[in-house]
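Participant: Pasting query-v5.txt here (compact mmCIF, C-alpha atoms and all ligand atoms):
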# COMPACT_ATOMS: atom_id res chain seq x y z
CA MET A 435 215.93 264.04 173.71
CA GLU A 436 219.40 262.86 174.79
CA GLY A 437 219.49 261.33 178.34
CA SER A 438 215.73 260.90 178.73
CA PRO A 439 214.37 257.35 178.29
CA SER A 440 212.63 256.74 175.00
CA CYS A 441 208.96 255.86 174.82
CA LYS A 442 209.99 252.27 173.92
CA ASP A 443 212.18 252.04 177.07
CA GLN A 444 209.40 253.30 179.28
CA THR A 445 206.89 250.83 177.84
CA GLY A 446 209.44 248.02 178.31
CA ARG A 447 209.95 248.96 181.96
CA ARG A 448 206.20 249.19 182.56
CA HIS A 449 205.81 245.68 181.10
CA GLU A 450 208.62 244.40 183.34
CA ALA A 451 207.06 245.94 186.46
CA ALA A 452 203.67 244.52 185.51
CA GLY A 453 205.35 241.10 185.07
CA VAL A 454 206.90 241.23 188.53
CA VAL A 455 203.59 242.30 190.11
CA ALA A 456 201.75 239.49 188.29
CA PHE A 457 204.41 236.98 189.45
CA VAL A 458 204.12 238.07 193.11
CA LYS A 459 200.30 238.11 192.90
CA ASP A 460 200.34 234.63 191.39
CA TYR A 461 202.47 233.27 194.26
CA MET A 462 200.48 235.11 196.92
CA GLY A 463 197.18 233.86 195.54
CA PHE A 464 198.50 230.29 195.10
CA LEU A 465 195.78 227.92 196.38
CA LEU A 466 196.72 225.33 198.98
CA PRO A 467 194.64 222.66 200.75
CA ALA A 468 193.05 224.28 203.83
CA ASP A 469 193.88 221.26 206.02
CA LEU A 470 197.69 221.39 205.69
CA ASN A 471 199.10 220.58 209.14
CA LEU A 472 202.20 221.98 210.86
CA LEU A 473 204.47 219.50 209.07
CA TRP A 474 203.84 221.59 205.92
CA THR A 475 205.61 224.56 207.54
CA ILE A 476 208.94 222.71 207.52
CA GLY A 477 209.60 223.73 203.89
CA ALA A 478 209.48 227.40 204.96
CA MET A 479 211.81 226.63 207.89
CA LEU A 480 214.26 225.01 205.46
CA VAL A 481 214.21 228.10 203.25
CA ALA A 482 214.81 230.38 206.28
CA VAL A 483 217.74 228.28 207.56
CA LEU A 484 219.21 228.07 204.04
CA GLY A 485 219.25 231.89 203.90
CA LEU A 486 220.96 232.03 207.29
CA MET A 487 223.55 229.42 206.24
CA LEU A 488 224.45 231.37 203.09
CA LEU A 489 224.81 234.68 204.90
CA SER A 490 226.82 233.31 207.84
CA GLY A 491 228.87 231.06 205.52
CA LEU A 492 229.85 233.93 203.22
CA THR A 493 230.98 236.01 206.18
CA LEU A 494 232.95 233.11 207.68
CA ALA A 495 234.64 232.45 204.33
CA LEU A 496 236.13 235.97 204.44
CA SER A 497 238.52 234.95 207.19
CA TYR A 498 238.99 231.23 206.58
CA THR A 499 242.24 229.78 205.17
CA PRO A 500 242.05 226.38 203.43
CA ASP A 501 245.56 225.21 204.33
CA ALA A 502 246.35 222.24 206.59
CA SER A 503 248.78 224.28 208.72
CA LEU A 504 246.56 227.38 208.98
CA ALA A 505 242.90 226.23 208.83
CA PHE A 506 242.45 225.39 212.53
CA GLY A 507 244.15 228.64 213.60
CA SER A 508 242.07 230.73 211.18
CA VAL A 509 238.84 229.32 212.66
CA GLU A 510 240.13 229.89 216.22
CA ALA A 511 241.06 233.48 215.30
CA LEU A 512 237.67 234.24 213.85
CA GLU A 513 235.99 232.76 216.95
CA ARG A 514 238.16 234.69 219.41
CA ARG A 515 239.30 237.88 217.67
CA MET A 516 236.84 238.75 214.89
CA PRO A 517 233.98 240.92 216.27
CA SER A 518 230.93 238.62 216.68
CA GLY A 519 232.92 235.84 214.97
CA TRP A 520 231.83 233.39 217.68
CA LEU A 521 228.20 234.23 216.90
CA LEU A 522 228.64 233.74 213.15
CA ARG A 523 230.27 230.36 213.66
CA SER A 524 227.64 229.24 216.20
CA LEU A 525 224.87 230.29 213.79
CA HIS A 526 226.49 228.29 211.00
CA MET A 527 227.13 225.18 213.12
CA THR A 528 223.68 225.18 214.76
CA GLY A 529 222.16 225.94 211.35
CA ALA A 530 223.73 222.80 209.86
CA SER A 531 222.14 220.59 212.54
CA PHE A 532 218.74 222.30 212.29
CA PHE A 533 218.82 222.10 208.51
CA MET A 534 219.50 218.37 208.54
CA ALA A 535 216.89 217.71 211.26
CA ALA A 536 214.26 219.70 209.31
CA LEU A 537 215.26 217.93 206.10
CA TYR A 538 214.75 214.48 207.62
CA LEU A 539 211.33 215.55 208.97
CA HIS A 540 210.45 216.93 205.53
CA VAL A 541 211.36 213.60 203.88
CA PHE A 542 209.50 211.48 206.48
CA ARG A 543 206.46 213.74 206.05
CA GLY A 544 206.56 213.21 202.29
CA LEU A 545 206.85 209.44 202.72
CA TYR A 546 204.04 209.20 205.26
CA TYR A 547 201.54 211.25 203.25
CA GLY A 548 202.59 209.82 199.86
CA SER A 549 203.53 213.31 198.55
CA TYR A 550 205.84 211.57 196.03
CA ARG A 551 202.95 210.16 193.99
CA ALA A 552 201.96 211.51 190.56
CA PRO A 553 201.74 214.39 189.72
CA ARG A 554 204.55 215.22 192.14
CA ARG A 555 207.14 212.63 191.10
CA GLY A 556 209.47 215.23 189.57
CA LEU A 557 209.19 217.34 192.72
CA TRP A 558 210.23 214.31 194.78
CA LEU A 559 213.20 213.60 192.51
CA ILE A 560 214.45 217.20 192.78
CA GLY A 561 214.00 216.88 196.55
CA SER A 562 216.06 213.67 196.63
CA ALA A 563 218.81 215.37 194.59
CA LEU A 564 218.69 218.24 197.10
CA LEU A 565 219.17 215.79 199.96
CA VAL A 566 222.34 214.40 198.32
CA MET A 567 223.65 217.92 197.65
CA VAL A 568 222.98 219.04 201.23
CA MET A 569 224.67 215.93 202.66
CA VAL A 570 227.80 216.42 200.55
CA THR A 571 227.88 220.12 201.47
CA ALA A 572 227.57 219.31 205.17
CA PHE A 573 230.32 216.70 204.99
CA ALA A 574 232.69 219.06 203.14
CA GLY A 575 231.93 221.83 205.66
CA TYR A 576 232.76 219.59 208.62
CA VAL A 577 236.26 218.92 207.23
CA LEU A 578 237.07 222.65 206.92
CA PRO A 579 237.91 223.54 210.59
CA TRP A 580 240.61 220.81 210.46
CA GLY A 581 239.98 219.51 213.98
CA GLN A 582 240.60 215.89 214.95
CA MET A 583 237.17 214.70 213.73
CA SER A 584 237.49 216.73 210.52
CA TYR A 585 240.77 215.00 209.71
CA TRP A 586 239.77 211.48 210.71
CA GLY A 587 236.31 211.88 209.15
CA ALA A 588 238.00 212.71 205.82
CA ASP A 589 240.31 209.73 206.34
CA VAL A 590 237.40 207.30 206.93
CA ALA A 591 235.47 208.71 203.94
CA GLY A 592 238.57 208.39 201.76
CA LYS A 593 239.02 204.74 202.82
CA ALA A 594 235.32 204.03 202.19
CA VAL A 595 235.65 205.44 198.65
CA GLY A 596 238.86 203.41 198.27
CA ALA A 597 236.87 200.20 198.86
CA VAL A 598 235.23 200.48 195.41
CA PRO A 599 236.63 197.58 193.34
CA VAL A 600 239.16 198.34 190.56
CA ILE A 601 238.97 202.17 190.57
CA GLY A 602 238.87 202.57 194.37
CA SER A 603 242.46 203.71 194.90
CA LEU A 604 242.15 206.21 192.01
CA LEU A 605 238.91 207.59 193.48
CA GLU A 606 240.52 207.87 196.91
CA ARG A 607 243.45 209.85 195.50
CA VAL A 608 241.12 212.14 193.56
CA PHE A 609 238.99 212.64 196.68
CA LEU A 610 241.90 213.35 199.05
CA GLY A 611 244.26 214.92 196.53
CA GLY A 612 247.05 212.64 197.83
CA ASP A 613 247.69 209.58 199.97
CA ALA A 614 246.30 211.13 203.15
CA PRO A 615 244.12 214.13 204.06
CA GLY A 616 246.03 217.41 203.72
CA THR A 617 245.99 220.85 202.10
CA PRO A 618 244.74 219.53 198.70
CA THR A 619 241.83 217.87 200.54
CA LEU A 620 240.97 221.19 202.18
CA HIS A 621 241.02 223.00 198.83
CA ARG A 622 238.66 220.39 197.37
CA MET A 623 236.30 220.56 200.33
CA PHE A 624 236.26 224.37 200.39
CA VAL A 625 235.42 224.62 196.68
CA LEU A 626 232.83 221.83 196.96
CA HIS A 627 231.29 223.43 200.04
CA PHE A 628 230.54 226.82 198.57
CA THR A 629 229.80 225.85 194.97
CA LEU A 630 227.28 223.26 196.15
CA ALA A 631 225.77 225.75 198.62
CA PHE A 632 224.85 228.06 195.71
CA SER A 633 223.72 225.17 193.51
CA ILE A 634 221.35 224.21 196.34
CA VAL A 635 219.70 227.64 196.06
CA GLY A 636 219.09 227.04 192.34
CA ALA A 637 217.67 223.57 193.02
CA VAL A 638 215.38 224.96 195.76
CA VAL A 639 214.01 227.57 193.33
CA LEU A 640 213.27 224.74 190.88
CA HIS A 641 211.74 222.64 193.69
CA VAL A 642 209.34 225.43 194.68
CA ALA A 643 208.53 226.28 191.03
CA VAL A 644 207.55 222.65 190.36
CA LEU A 645 205.48 222.62 193.55
CA HIS A 646 203.74 225.74 192.26
CA ALA A 647 203.00 224.04 188.93
CA ARG A 648 201.82 220.73 190.42
CA GLY A 649 200.06 221.99 193.55
CA SER A 650 200.47 220.82 197.11
CA SER A 651 199.14 217.47 198.32
CA SER A 652 196.72 217.32 201.23
CA PRO A 653 197.03 215.22 204.39
CA SER A 654 193.51 213.93 203.68
CA GLY A 655 194.27 212.84 200.12
CA PRO A 656 192.89 213.97 196.73
CA GLN A 657 189.53 214.98 198.22
CA GLY A 658 191.45 217.65 200.19
CA GLU A 659 192.83 219.05 196.92
CA THR A 660 189.46 220.12 195.46
CA PRO A 661 189.03 223.92 194.84
CA ALA A 662 186.25 224.17 197.44
CA ARG A 663 188.70 223.03 200.13
CA MET A 664 191.55 225.37 199.21
CA LEU A 665 192.78 228.67 200.67
CA PRO A 666 195.20 231.23 199.19
CA PHE A 667 198.84 231.29 200.34
CA TYR A 668 198.44 234.91 201.47
CA PRO A 669 197.40 235.57 204.23
CA TYR A 670 196.55 232.07 205.56
CA PHE A 671 199.74 230.12 204.96
CA THR A 672 202.10 233.09 205.17
CA ILE A 673 200.93 233.52 208.79
CA LYS A 674 201.22 229.80 209.52
CA ASP A 675 204.70 229.58 207.95
CA THR A 676 205.84 232.70 209.82
CA LEU A 677 204.66 231.17 213.09
CA GLY A 678 206.57 227.95 212.30
CA VAL A 679 209.75 229.90 211.49
CA VAL A 680 209.47 232.00 214.70
CA VAL A 681 209.02 228.89 216.89
CA MET A 682 211.99 227.27 215.16
CA ALA A 683 214.07 230.45 215.66
CA LEU A 684 213.32 230.33 219.42
CA LEU A 685 214.37 226.68 219.60
CA PHE A 686 217.43 227.47 217.50
CA THR A 687 218.51 230.29 219.83
CA THR A 688 217.91 228.12 222.91
CA VAL A 689 220.12 225.31 221.59
CA MET A 690 222.80 227.70 220.31
CA CYS A 691 223.06 229.74 223.51
CA PHE A 692 222.19 227.30 226.29
CA TRP A 693 222.92 223.82 224.97
CA PRO A 694 225.70 224.05 222.37
CA GLY A 695 227.10 220.70 223.56
CA LEU A 696 224.07 219.01 222.01
CA ILE A 697 225.35 219.57 218.48
CA THR A 698 229.12 220.00 218.86
CA GLU A 699 231.83 217.36 219.12
CA PRO A 700 234.52 218.23 221.72
CA ALA A 701 237.22 216.30 219.80
CA ASN A 702 236.88 218.76 216.94
CA TYR A 703 238.16 221.57 219.14
CA ARG A 704 241.56 219.84 219.06
CA PRO A 705 243.72 220.48 216.00
CA ALA A 706 244.05 217.66 213.46
CA ASN A 707 246.80 215.23 214.41
CA PRO A 708 247.62 212.59 211.78
CA LEU A 709 249.76 210.73 214.36
CA HIS A 710 246.97 210.28 216.90
CA THR A 711 243.88 208.29 215.91
CA PRO A 712 240.95 209.13 218.26
CA ALA A 713 239.47 206.16 220.18
CA ASP A 714 236.03 206.78 218.62
CA ILE A 715 235.81 208.22 215.15
CA GLU A 716 232.24 209.18 214.47
CA PRO A 717 230.59 211.68 212.12
CA GLU A 718 228.10 214.42 213.01
CA TRP A 719 224.83 213.07 214.48
CA TYR A 720 222.95 213.46 211.20
CA PHE A 721 225.24 210.99 209.41
CA LEU A 722 225.20 208.39 212.20
CA PRO A 723 222.37 206.25 210.70
CA PHE A 724 224.35 205.88 207.46
CA TYR A 725 227.57 205.27 209.41
CA GLY A 726 225.78 202.56 211.43
CA MET A 727 224.68 200.86 208.17
CA LEU A 728 228.20 201.20 206.73
CA GLN A 729 229.59 199.28 209.68
CA ALA A 730 226.79 196.72 209.94
CA VAL A 731 228.03 194.92 206.83
CA PRO A 732 231.25 192.86 207.17
CA SER A 733 232.71 193.80 203.77
CA LYS A 734 233.87 197.40 203.24
CA PHE A 735 232.42 197.70 199.74
CA GLY A 736 229.19 195.99 200.85
CA GLY A 737 228.90 198.53 203.69
CA LEU A 738 229.43 201.38 201.22
CA LEU A 739 226.72 200.01 198.91
CA VAL A 740 224.21 199.54 201.73
CA SER A 741 224.93 202.97 203.20
CA ALA A 742 224.80 204.85 199.87
CA GLY A 743 221.81 202.72 198.81
CA ALA A 744 219.88 204.05 201.81
CA VAL A 745 219.81 207.45 200.07
CA VAL A 746 219.61 206.15 196.49
CA VAL A 747 216.46 204.18 197.34
CA LEU A 748 214.65 207.49 197.91
CA PHE A 749 214.94 208.25 194.18
CA CYS A 750 213.03 205.01 193.47
CA VAL A 751 210.16 205.69 195.90
CA PRO A 752 207.63 207.02 193.30
CA TRP A 753 208.08 203.75 191.36
CA LEU A 754 208.16 201.45 194.39
CA ASP A 755 204.74 202.70 195.47
CA ARG A 756 202.70 202.72 192.26
CA GLY A 757 199.42 202.76 194.14
CA LEU A 758 196.60 204.28 192.11
CA GLY A 759 194.13 204.74 194.89
CA TRP A 760 194.56 206.96 197.88
CA THR A 761 195.53 205.21 201.08
CA GLY A 762 194.86 208.24 203.25
CA PRO A 763 193.30 208.52 206.72
CA GLN A 764 189.79 207.82 205.44
CA SER A 765 190.80 204.68 203.59
CA GLY A 766 190.89 202.56 206.75
CA MET A 767 194.48 201.53 205.92
CA ARG A 768 196.17 204.44 207.61
CA TRP A 769 197.10 202.35 210.64
CA LEU A 770 199.27 200.22 208.37
CA ALA A 771 201.12 203.25 206.99
CA TRP A 772 201.52 204.52 210.54
CA LEU A 773 202.93 201.20 211.73
CA ALA A 774 205.35 200.98 208.80
CA MET A 775 206.46 204.60 209.31
CA SER A 776 207.10 203.88 213.02
CA VAL A 777 209.30 200.91 212.05
CA LEU A 778 211.16 203.09 209.53
CA VAL A 779 211.78 205.91 212.03
CA ALA A 780 212.78 203.43 214.78
CA SER A 781 215.18 201.69 212.35
CA PHE A 782 216.72 205.03 211.35
CA VAL A 783 217.25 206.02 215.01
CA LEU A 784 218.61 202.59 215.97
CA ALA A 785 221.02 202.59 213.01
CA GLY A 786 222.20 205.98 214.30
CA LEU A 787 222.69 204.60 217.83
CA ALA A 788 224.64 201.66 216.41
CA GLY A 789 226.78 204.17 214.47
CA SER A 790 227.62 206.01 217.69
CA HIS A 791 228.95 202.82 219.34
CA HIS A 792 231.66 200.35 218.45
CA VAL A 793 229.69 198.18 216.06
CA GLN A 794 230.32 194.81 217.70
CA GLY A 795 228.38 192.43 219.96
CA VAL A 796 224.88 193.68 220.64
CA TRP A 797 225.40 196.89 218.63
CA LEU A 798 226.30 194.88 215.56
CA LEU A 799 223.00 193.01 215.89
CA VAL A 800 221.13 196.29 216.42
CA GLY A 801 222.84 197.84 213.38
CA ARG A 802 221.93 194.86 211.18
CA LEU A 803 218.31 194.69 212.35
CA ALA A 804 217.95 198.43 211.83
CA THR A 805 219.38 198.15 208.31
CA VAL A 806 216.90 195.37 207.49
CA GLY A 807 214.04 197.41 209.01
CA TYR A 808 215.01 200.48 206.97
CA TYR A 809 215.17 198.64 203.65
CA ALA A 810 212.05 196.58 204.45
CA TYR A 811 210.03 199.82 204.39
CA PHE A 812 211.10 200.69 200.86
CA LEU A 813 211.48 197.31 199.22
CA GLY A 814 208.78 195.41 201.11
CA PHE A 815 206.16 197.72 202.52
CA LEU A 816 205.81 200.31 199.71
CA PRO A 817 205.21 197.81 196.84
CA PHE A 818 202.85 195.81 199.09
CA TYR A 819 200.94 198.93 200.12
CA ALA A 820 200.57 199.94 196.47
CA LYS A 821 199.13 196.51 195.59
CA LEU A 822 196.73 196.75 198.52
CA ALA A 823 195.63 200.24 197.46
CA ASN A 824 195.07 199.16 193.84
CA TRP A 825 193.14 196.10 194.96
CA GLY A 826 191.00 198.30 197.27
CA GLU A 827 190.38 200.69 194.38
CA ARG A 828 189.17 197.92 192.08
CA ALA A 829 187.01 196.19 194.73
C1 LIG B 901 217.18 222.20 200.64
C2 LIG B 901 216.23 221.35 200.88
C3 LIG B 901 214.76 221.59 200.66
C4 LIG B 901 214.03 222.75 200.72
C5 LIG B 901 214.55 224.16 201.04
C6 LIG B 901 212.64 222.41 200.43
C7 LIG B 901 211.61 223.32 200.40
C8 LIG B 901 210.28 222.99 200.21
C9 LIG B 901 209.17 223.88 200.35
C10 LIG B 901 209.27 225.37 200.72
C11 LIG B 901 208.03 223.18 200.13
C12 LIG B 901 206.58 223.69 200.26
C13 LIG B 901 206.16 223.66 201.73
C14 LIG B 901 206.08 222.26 202.32
O1 LIG B 901 205.43 221.40 201.74
O2 LIG B 901 206.71 222.05 203.38
C15 LIG B 901 208.42 221.83 199.79
C16 LIG B 901 207.55 220.82 199.43
C17 LIG B 901 207.93 219.52 199.09
N1 LIG B 901 209.19 218.99 199.19
FE1 LIG B 901 210.85 220.01 199.68
N2 LIG B 901 212.57 221.06 200.21
C18 LIG B 901 213.82 220.52 200.34
C19 LIG B 901 214.16 219.18 200.24
C20 LIG B 901 213.29 218.15 199.92
C21 LIG B 901 213.61 216.74 199.91
C22 LIG B 901 214.96 216.17 200.34
C23 LIG B 901 212.49 216.07 199.51
C24 LIG B 901 212.28 214.59 199.31
C25 LIG B 901 213.17 213.71 199.02
C26 LIG B 901 211.46 217.05 199.27
C27 LIG B 901 210.18 216.77 198.83
C28 LIG B 901 209.11 217.67 198.81
C29 LIG B 901 207.76 217.35 198.41
C30 LIG B 901 207.25 215.99 197.89
C31 LIG B 901 207.02 218.51 198.59
C32 LIG B 901 205.52 218.69 198.29
C33 LIG B 901 204.75 218.42 199.54
C34 LIG B 901 203.28 218.53 199.29
O3 LIG B 901 202.74 219.60 199.41
O4 LIG B 901 202.69 217.52 198.98
N3 LIG B 901 211.96 218.29 199.55
N4 LIG B 901 209.79 221.73 199.86
If you convert what's in this file into structure tokens, what do you get?
Ligand code: HEM
Facilitator:
Amino acid sequence: MEGSPSCKDQTGRRHEAAGVVAFVKDYMGFLLPADLNLLWTIGAMLVAVLGLMLLSGLTLALSYTPDASLAFGSVEALERRMPSGWLLRSLHMTGASFFMAALYLHVFRGLYYGSYRAPRRGLWLIGSALLVMVMVTAFAGYVLPWGQMSYWGADVAGKAVGAVPVIGSLLERVFLGGDAPGTPTLHRMFVLHFTLAFSIVGAVVLHVAVLHARGSSSPSGPQGETPARMLPFYPYFTIKDTLGVVVMALLFTTVMCFWPGLITEPANYRPANPLHTPADIEPEWYFLPFYGMLQAVPSKFGGLLVSAGAVVVLFCVPWLDRGLGWTGPQSGMRWLAWLAMSVLVASFVLAGLAGSHHVQGVWLLVGRLATVGYYAYFLGFLPFYAKLANWGERA
């Protein structure tokens, strides 16, 4: 009969619905090690903040103008005149800081517990690619309001790119769209910001799908991954993740409403002025460790290599630590991993402190020591730890 679905259509739809139900059931029944600690709720927090960033970002984009003479005014107008515009912008700005903080914790967690080892090497590589994408997105977003730090941040980044031998000046022109930051730079950053934001969603879906295929690691090593010591995602970990997200939301609201100065830079509330260089040009707090490393090296190109290398080295981690045996808490070697992780975290923080000061005198020394400490973890400790683990396994 015309208008009524054919028998074939109905069967097709029934199959589709059954597929969706099976997919949801599969994810809900996904088995995870029962001993996952609170650090394993950070992934869920990242997903929640990513959703918030996309929603608030899309709404902000409706009233933003990527033009050097209008950008600052358009952001001011949406803060002051658009209903709840101030709230949308605060959510987006606070979200960026929380996202980066959660991301760093997520990476340090993975390093400490060796979550990058086989069979999760691919998962780690997708994660490392995600880190790069998120960092570029955050940088591009910071340029958009066209305040003093946006302008001078773009200028410093352009000059850093320009330090690449031979093709540097070409790269700088492509990056800025001219000799100095201006409207073409804003167009580039705007396009980069939202295209990457959506690509991140795709990469996160892949990240979680690979996790689903490979299974989650356990804080107590492979013995924690045996079926007898597993629990289904629903209801156990859905409750735990929800609790983590609620606690983070409370912290988020507290910072956003009562301590906004913690994550905002006053200089960026002044419009970009190419004729006035601020006394201290510094990036957002989450880029300070890399900025500190950039400045700790006397040559510009050397600084760029060391700073970019600090992220690139993460891609090599699964091959730097080729340990076969588990070096988990029961192995008696955990104290060593703990010590090395403390040095890594301290180096990261100190590099950030160096980045927030004029890198000269004592801060230059601090920046250099922190850079050495950071690289020593990856290039010294991880290969050594792997050898130790393999030796322990054979003994
Ligand atoms: C947009 C950024 C990211 C999101 C939304 C995200 C999301 C998630 C989620 C939901 C999980 C499962 C829950 C958990 O273990 O916490 C997870 C696990 C994991 N992620 Fe990410 N992630 C991101 C970035 C990264 C990065 C930058 C890395 C490393 C370089 C990474 C490495 C891992 C690893 C190794 C696991 C498996 C942990 C395990 O169970 O052993 N992720 N991620």
Participant: Which residues, written as a VMD selection string, have at least one atom at most 10 Å from segment 526-539 of chain A, with all atoms listed in the file counted and residues fewer than 5 positions away on the same chain left out?
Facilitator: chain A and resid 473 476 to 477 479 to 491 494 520 to 521 544 to 545 561 564 to 565 568 to 569 571 to 572 575 to 576 682 to 683 685 to 687 689 to 691 694 696 to 698 718 to 721
Participant: Tell me which of A:Gly636, A:Gly519, A:Pro500, A:Gly507 sits closest to ligand LIG 901 (chain B), counting all atoms listed in the file.
Facilitator: A:Gly636
Participant: With all atoms listed in the file as the basis for distance, which of A:Pro752, A:Gly743, A:Gly757, A:Gly801 is at the shortest distance from Ala730 of chain A?
Facilitator: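 Nearest to Ala730 of chain A: A:Gly801.
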Participant: Could you tell me how far atom C1 of ligand LIG 901 (chain B) sits from atom CA of Pro615 of chain A, in Å to one decimal place?
Facilitator: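 Calculated distance between atom CA of Pro615 of chain A and atom C1 of ligand LIG 901 (chain B) is 28.3 Å.
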Participant: Using all atoms listed in the file, which residues sit within 8 Å of segment 596-599 of chain A once same-chain residues fewer than 4 positions away are excluded, as JSON, numbers by chain?
Facilitator: {"A": [592, 603, 604, 605, 606, 734, 735, 738]}
Participant: Hey, which of A:Pro666, A:Gly737, A:Pro553, A:Gly611 ends up closest to Arg648 of chain A? Count all atoms listed in the file.
Facilitator: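 Going through A:Pro666, A:Gly737, A:Pro553, A:Gly611 one by one, the smallest distance to Arg648 of chain A is for A:Pro553.
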Participant: Which residues are close to Leu739 of chain A, i.e. within 12 Å by only C-alpha atoms, leaving aside same-chain residues fewer than 5 positions away? Reply as a PDB file with C-alpha atoms, keeping the file's coordinate frame.
Facilitator:
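Everything below was put into out_37.pdb:
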ATOM      1  CA  ALA A 594     235.320 204.030 202.190  1.00  0.00           C
ATOM      2  CA  VAL A 595     235.650 205.440 198.650  1.00  0.00           C
ATOM      3  CA  ALA A 597     236.870 200.200 198.860  1.00  0.00           C
ATOM      4  CA  VAL A 598     235.230 200.480 195.410  1.00  0.00           C
ATOM      5  CA  PRO A 599     236.630 197.580 193.340  1.00  0.00           C
ATOM      6  CA  PHE A 724     224.350 205.880 207.460  1.00  0.00           C
ATOM      7  CA  TYR A 725     227.570 205.270 209.410  1.00  0.00           C
ATOM      8  CA  MET A 727     224.680 200.860 208.170  1.00  0.00           C
ATOM      9  CA  LEU A 728     228.200 201.200 206.730  1.00  0.00           C
ATOM     10  CA  GLN A 729     229.590 199.280 209.680  1.00  0.00           C
ATOM     11  CA  ALA A 730     226.790 196.720 209.940  1.00  0.00           C
ATOM     12  CA  VAL A 731     228.030 194.920 206.830  1.00  0.00           C
ATOM     13  CA  PRO A 732     231.250 192.860 207.170  1.00  0.00           C
ATOM     14  CA  SER A 733     232.710 193.800 203.770  1.00  0.00           C
ATOM     15  CA  LYS A 734     233.870 197.400 203.240  1.00  0.00           C
ATOM     16  CA  ALA A 744     219.880 204.050 201.810  1.00  0.00           C
ATOM     17  CA  VAL A 745     219.810 207.450 200.070  1.00  0.00           C
ATOM     18  CA  VAL A 746     219.610 206.150 196.490  1.00  0.00           C
ATOM     19  CA  VAL A 747     216.460 204.180 197.340  1.00  0.00           C
TER      20      VAL A 747
END
Participant: Quick one, how far is atom CA of Val590 of chain A from atom CA of Leu525 of chain A?
Facilitator: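 Separating atom CA of Val590 of chain A from atom CA of Leu525 of chain A is a distance of 27.1 Å.
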Participant: Suppose you want the space between atom CA of Ala502 of chain A and atom CA of Ala706 of chain A; what is it in Å?
Facilitator: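 These atoms are spaced 8.6 Å apart.
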Participant: Determine the nearest neighbour of Trp769 of chain A from the options A:His646, A:Tyr819, A:Ser633, A:His792, counting all atoms listed in the file.
Facilitator: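 The closest residue to Trp769 of chain A is A:Tyr819.
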Participant: Which residue, A:Glu659, A:Asp613, A:Asp443, A:Asp589, has the smallest gap to ligand LIG 901 (chain B) when you use all atoms listed in the file?
Facilitator: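 Of A:Glu659, A:Asp613, A:Asp443, A:Asp589, the one nearest ligand LIG 901 (chain B), counting all atoms listed in the file, is A:Glu659.
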Participant: For each of A:Ala647, A:Ile601, A:Met583, A:Ala468, take the minimum atom-to-atom distance to Thr711 of chain A, counting only C-alpha atoms, then give the residue where this is smallest.
Facilitator: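 Ranked by minimum distance to Thr711 of chain A, first place goes to A:Met583.
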Participant: Please put the answer as JSON: centre and edge lengths, in Å with one decimal, of a box along x, y and z that encloses all listed atoms of ligand LIG 901 (chain B) plus 3 Å on each side.
Facilitator:
{"center_x": 209.9, "center_y": 219.5, "center_z": 200.6, "size_x": 20.5, "size_y": 17.7, "size_z": 11.5}
Participant: List the spatial neighbours of Ala552 of chain A as a list in words - criterion: any atom at most 10 Å away, only C-alpha atoms, same-chain residues fewer than 2 positions off excluded.
Facilitator: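 My reading of the contact set: Gly548, Ser549, Tyr550, Arg554, Arg555, Gly556, Leu557, Trp558, Arg648, Pro752, Trp753, Arg756, Gly757 and Leu758 of chain A.
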Participant: Could you list, as a VMD selection string, every residue within 10 Å of Ala701 of chain A, counting only C-alpha atoms and ignoring same-chain residues fewer than 5 positions away?
Facilitator: chain A and resid 581 to 584 706 712 714 to 715
